[in-house]
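Trainee: One structure is given below, represented as structure tokens, and several questions about it will come after.
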Amino acid sequence: MQNFRDMTIRELARQCETVDDIQVMIRDLFKETLQQVFEAEIEEHLGYSKHDVIGNNTGNSRNGYSKKTIKSKLGETVVKIPRDRKGEYEPQIIKKYETSINGLEDQIIALYSKGMSTRDIEGHMKDIYGINVSPSLVSKVTDKILPLVYEWQSRLLDPVYPIVFLDAIHFKVKHENRIINKAAYTVLGINTDGVKDILGIWIGENESASFWLNVCQELKSRGVQDILIACKDGLNGFSDAINATFPKTDIQLCVIHQLRNNMKYVPSKNRKEVIDDLKKVYKAFTLEQAEMAFSEFKEKWGQKHPSVVKSWESNWLELTAFFTYPVEIRKLIYTTNTIEAFHRQLRKVTKTKTAYPTDNALRKIVYLATIGVTDTWTNAIPGWLECRQQFEIMFGERLGKYV
């Protein structure tokens with residue numbers, strides 16, 4: 001077999017003078033090989049070889065050919081698909097409705113996952129392989145990952161997560177001939193080994209208590225029994241939903257988001273001084289010191305910026321929940337920077353797209369980008385060993401049920 005292959009290669013090599021000649025030769029060989037496989041398949045299907053008299057009385061026979069254009073990394077190849085009179089034969093090496101093979105679909109998905117538009121992929125395939133890949137074909141190929149999206153979104157999760165972060169990233173999506181804003185609501189969990197994972201991403205227009213209740217119930221149905229700390233931005237209705245589903249969970253509102261929102265109501269000339277005074281609140285060593293610092297802030301700025309004071313007063317319990325924990329844990333939970341870093345990585349992939357044609361188009365790219373990011377999350381976050389020991393001391397009974 002080896003000697004025959006070597007002889008064949010040498011014979012073919014004599015007919016080639018340029019690299020282009022080699023590529024044409026390989027493409028022709030590929031076509032002829034496919035054609036021989038089709039002939040072998042229909043012979044197996046009918047039970048007799050071509051022109052064999054045995055087939056005269058079988059009730060089924062060959063019925064010519066139909067042409068089909070196959071796209072591969074070798075370019076476009078026109079092949080002849082055999083037919084039988086009963087219409088029962090279906091090619092196996094290339095399925096009935098397949099038009100691209102030889103890893104081409106994987107390459108299309110890989111390009112799509114990098115944020116390339118369907119038009120960009122069309123141009124890339126034309127330039128590199130000389131293949132005409134229409135935007136509709138790209139869409140059909142990438143639609144094949146939707147079952148993987150739904151499988152990923154419904155996979156089983158760990159029974160307990162010491163820390164969970166929640167935040168939203170916004171996109172523009174076409175809907176009924178207009179473009180609207182939609183959010184991808186992300187839940188990022190840190191498991192008991194200190195490894196990050198995206199527990200799920202939900203796409204919607206409006207957040208509410210009922211929306212977040214559905215999210216929490218879905219997490220519970222997928223195996224989550226307890227969450228120790230939930231860190232969030234100002235997500236409407238989340239606190240009520242988490243309390244209804246995981247009543248023992250502590251909720252920490254992101255202090256940095258709070259500051260950003262406050263600065264919208266503070267003139268630029270006063271912002272630095274206001275921020276410096278608020279730093280004395282959230283950088284205090286104890287809750288008592290934070291309360292004293294806030295009293296001083298309220299006395300100094302209460303009349304000039306009552307909205308800032310009111311905002312801190314109404315959210316005080318969730319803004320200061322981190323004071324309950326040791327310094328190592330405080331650094332992790334006082335801000336949602338962990339999940340914002342993930343969203344920045346998503347933006348690198350999605351920033352080239354101004355609007356997505358459907359929710360599913362958005363789901364596909366977000367899923368592919370998420371898998372690309374989370375595949376690198378294999379190690380524990382820095383400083384987790386100390387945090388883990390502190391969690392075991394503070395929540396030994398709750399952690400012990402599942403660890």
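All residue names refer to the structure tokens as shown: chains lettered A, B, ... in order, residues numbered from 1 in each chain, ligands numbered from 1 in order.
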Segment 135-320 of chain A: which residues are strand (DSSP E or B) by DSSP, as a PyMOL selection string?

Mentor: chain A and resi 160-175+178-190+196-204+226-232+250-253

Trainee: Could you list, as number ranges by chain, every residue within 9 Å of Arg62 of chain A, counting only C-alpha atoms and ignoring same-chain residues fewer than 3 positions away?

Mentor: A: 42, 46, 50, 65, 82-85

Trainee: Check the DSSP output for the backbone and give back, as an MDAnalysis selection string, the residues of segment 130-257 of chain A in helix (DSSP H, G or I).

Mentor: chainID A and resid 135:143 146:153 209:221 238:245 255:257

Trainee: Hey, which of A:Thr358, A:Glu88, A:Asp375, A:Lys140 ends up closest to Glu105 of chain A? Count only C-alpha atoms.

Mentor: A:Lys140

Trainee: Using only C-alpha atoms, which residues sit within 10 Å of Asp158 of chain A once same-chain residues fewer than 5 positions away are excluded, as a PyMOL selection string?

Mentor: chain A and resi 189+191-192+199+219+222-226+402-403

Trainee: Would you please work out which residue, of A:Val195, A:Met394, A:Ala184, A:Leu166, is nearest to Cys216 of chain A when using only C-alpha atoms?

Mentor: A:Leu166

Trainee: Calculated over only C-alpha atoms, which of the candidates A:Ile190, A:Ile70, A:Leu148, A:Leu332 has the smallest distance to Asn379 of chain A?

Mentor: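 Closest to Asn379 of chain A of all the choices is A:Ile190.
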
Trainee: Please, which residues in segment 322-362 of chain A fall within 10 Å of segment 279-282 of chain A when counting only C-alpha atoms, and what is the closest atom pair and distance in Å to one decimal for each, ordered by chain then residue number, as a tab-separated table?

Mentor:
```
residue	atom	partner	partner_atom	distance
A:Phe322	CA	A:Tyr282	CA	9.3
A:Phe323	CA	A:Tyr282	CA	8.8
A:Tyr334	CA	A:Tyr282	CA	8.7
```

Trainee: Keeping only N, CA, C and O atoms, write the selected residues to a file as a PDB file, in the first residue's frame.

Mentor:
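Saved result, part.pdb, follows:
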```pdb
ATOM      1  N   PHE A 322     -20.157  44.418  52.907  1.00  0.00           N
ATOM      2  CA  PHE A 322     -18.800  43.858  52.867  1.00  0.00           C
ATOM      3  C   PHE A 322     -18.028  44.075  54.160  1.00  0.00           C
ATOM      4  O   PHE A 322     -17.018  43.398  54.420  1.00  0.00           O
ATOM      5  N   PHE A 323     -18.468  45.005  55.022  1.00  0.00           N
ATOM      6  CA  PHE A 323     -17.782  45.227  56.294  1.00  0.00           C
ATOM      7  C   PHE A 323     -17.894  44.018  57.224  1.00  0.00           C
ATOM      8  O   PHE A 323     -17.136  43.904  58.181  1.00  0.00           O
ATOM      9  N   TYR A 334     -16.555  44.222  47.111  1.00  0.00           N
ATOM     10  CA  TYR A 334     -17.083  45.589  47.216  1.00  0.00           C
ATOM     11  C   TYR A 334     -17.356  46.203  45.835  1.00  0.00           C
ATOM     12  O   TYR A 334     -18.025  47.228  45.719  1.00  0.00           O
TER      13      TYR A 334
END
```

Trainee: Which one of A:Ile198, A:Gly204, A:Tyr356, A:Glu318 sits closest to Lys182 of chain A if you count only C-alpha atoms?

Mentor: A:Gly204

Trainee: Which residue out of A:His51, A:Lys283, A:Lys174, A:Arg271 has the minimum interatomic distance to Asp359 of chain A when only C-alpha atoms are used?

Mentor: A:Lys174

Trainee: Ranking A:Trp377, A:Tyr112, A:Tyr265, A:Phe294 by minimum distance to Val141 of chain A and counting only C-alpha atoms, which one comes first?

Mentor: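 With only C-alpha atoms as the atom set, the closest residue is A:Tyr112.
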
Trainee: Considering only C-alpha atoms, return as a PyMOL selection string whatever protein or nucleic-acid residues lie within 10 Å of Lys310 of chain A, sequence-local ones (same chain, fewer than 6 positions apart) excluded.

Mentor: chain A and resi 298+302+316

Trainee: Would you output that residue set with N, CA, C and O atoms, as a compact mmCIF listing (two decimals), in the first residue's frame?

Mentor:
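The resulting file, part-v2.txt, is reproduced below:
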```
# COMPACT_ATOMS: atom_id res chain seq x y z
N LYS A 298 -22.66 63.66 55.37
CA LYS A 298 -24.03 64.17 55.31
C LYS A 298 -24.11 65.60 55.84
O LYS A 298 -24.80 66.46 55.27
N GLY A 302 -24.95 67.55 52.71
CA GLY A 302 -26.39 67.24 52.71
C GLY A 302 -27.25 68.27 52.02
O GLY A 302 -28.19 67.91 51.29
N TRP A 316 -27.96 51.75 52.12
CA TRP A 316 -26.88 51.61 53.10
C TRP A 316 -26.57 50.15 53.44
O TRP A 316 -25.41 49.74 53.48
```

Trainee: Residues at most 10 Å from Thr378 of chain A, counting only C-alpha atoms, excluding those fewer than 5 positions away in the same chain, as a list in words?

Mentor: Gly194, Val195, Lys196 and Asp197 of chain A

Trainee: Quick one: write out the picked residues with N, CA, C and O atoms as an mmCIF file, in the first residue's frame?

Mentor:
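Produced file again-v2.cif, reproduced below:
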```cif
data_model
loop_
_atom_site.group_PDB
_atom_site.id
_atom_site.type_symbol
_atom_site.label_atom_id
_atom_site.label_comp_id
_atom_site.auth_asym_id
_atom_site.auth_seq_id
_atom_site.Cartn_x
_atom_site.Cartn_y
_atom_site.Cartn_z
ATOM 1 N N GLY A 194 -12.352 28.386 43.968
ATOM 2 C CA GLY A 194 -11.882 29.701 43.570
ATOM 3 C C GLY A 194 -11.809 29.916 42.075
ATOM 4 O O GLY A 194 -11.221 30.894 41.611
ATOM 5 N N VAL A 195 -12.417 29.012 41.298
ATOM 6 C CA VAL A 195 -12.386 29.119 39.836
ATOM 7 C C VAL A 195 -13.650 29.813 39.343
ATOM 8 O O VAL A 195 -14.763 29.471 39.771
ATOM 9 N N LYS A 196 -13.488 30.762 38.433
ATOM 10 C CA LYS A 196 -14.630 31.507 37.890
ATOM 11 C C LYS A 196 -15.359 30.691 36.820
ATOM 12 O O LYS A 196 -14.756 29.872 36.126
ATOM 13 N N ASP A 197 -16.645 30.946 36.684
ATOM 14 C CA ASP A 197 -17.421 30.338 35.598
ATOM 15 C C ASP A 197 -18.634 31.220 35.334
ATOM 16 O O ASP A 197 -19.150 31.874 36.246
#
```

Trainee: Find the spatial neighbours of Val308 of chain A, counting only C-alpha atoms, within a cut-off of 10 Å - ignore same-chain residues fewer than 4 positions away - and output them as a PyMOL selection string.

Mentor: chain A and resi 258-259+261-266+274+298+301-302+304+312-313

Trainee: What's the separation between atom CA of Ile227 of chain A and atom CA of Phe165 of chain A, in Å to one decimal place?

Mentor: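 Calculated distance between atom CA of Ile227 of chain A and atom CA of Phe165 of chain A is 10.6 Å.
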
Trainee: What is the distance between atom CA of Lys331 of chain A and atom CA of Gln390 of chain A, in Å to one decimal?

Mentor: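 We find that atom CA of Lys331 of chain A and atom CA of Gln390 of chain A lie 13.4 Å from each other.
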
Trainee: How far is it from atom CA of Asp193 of chain A to atom CA of Ala380 of chain A, in Å with one decimal?

Mentor: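 These two atoms are separated by 6.4 Å.
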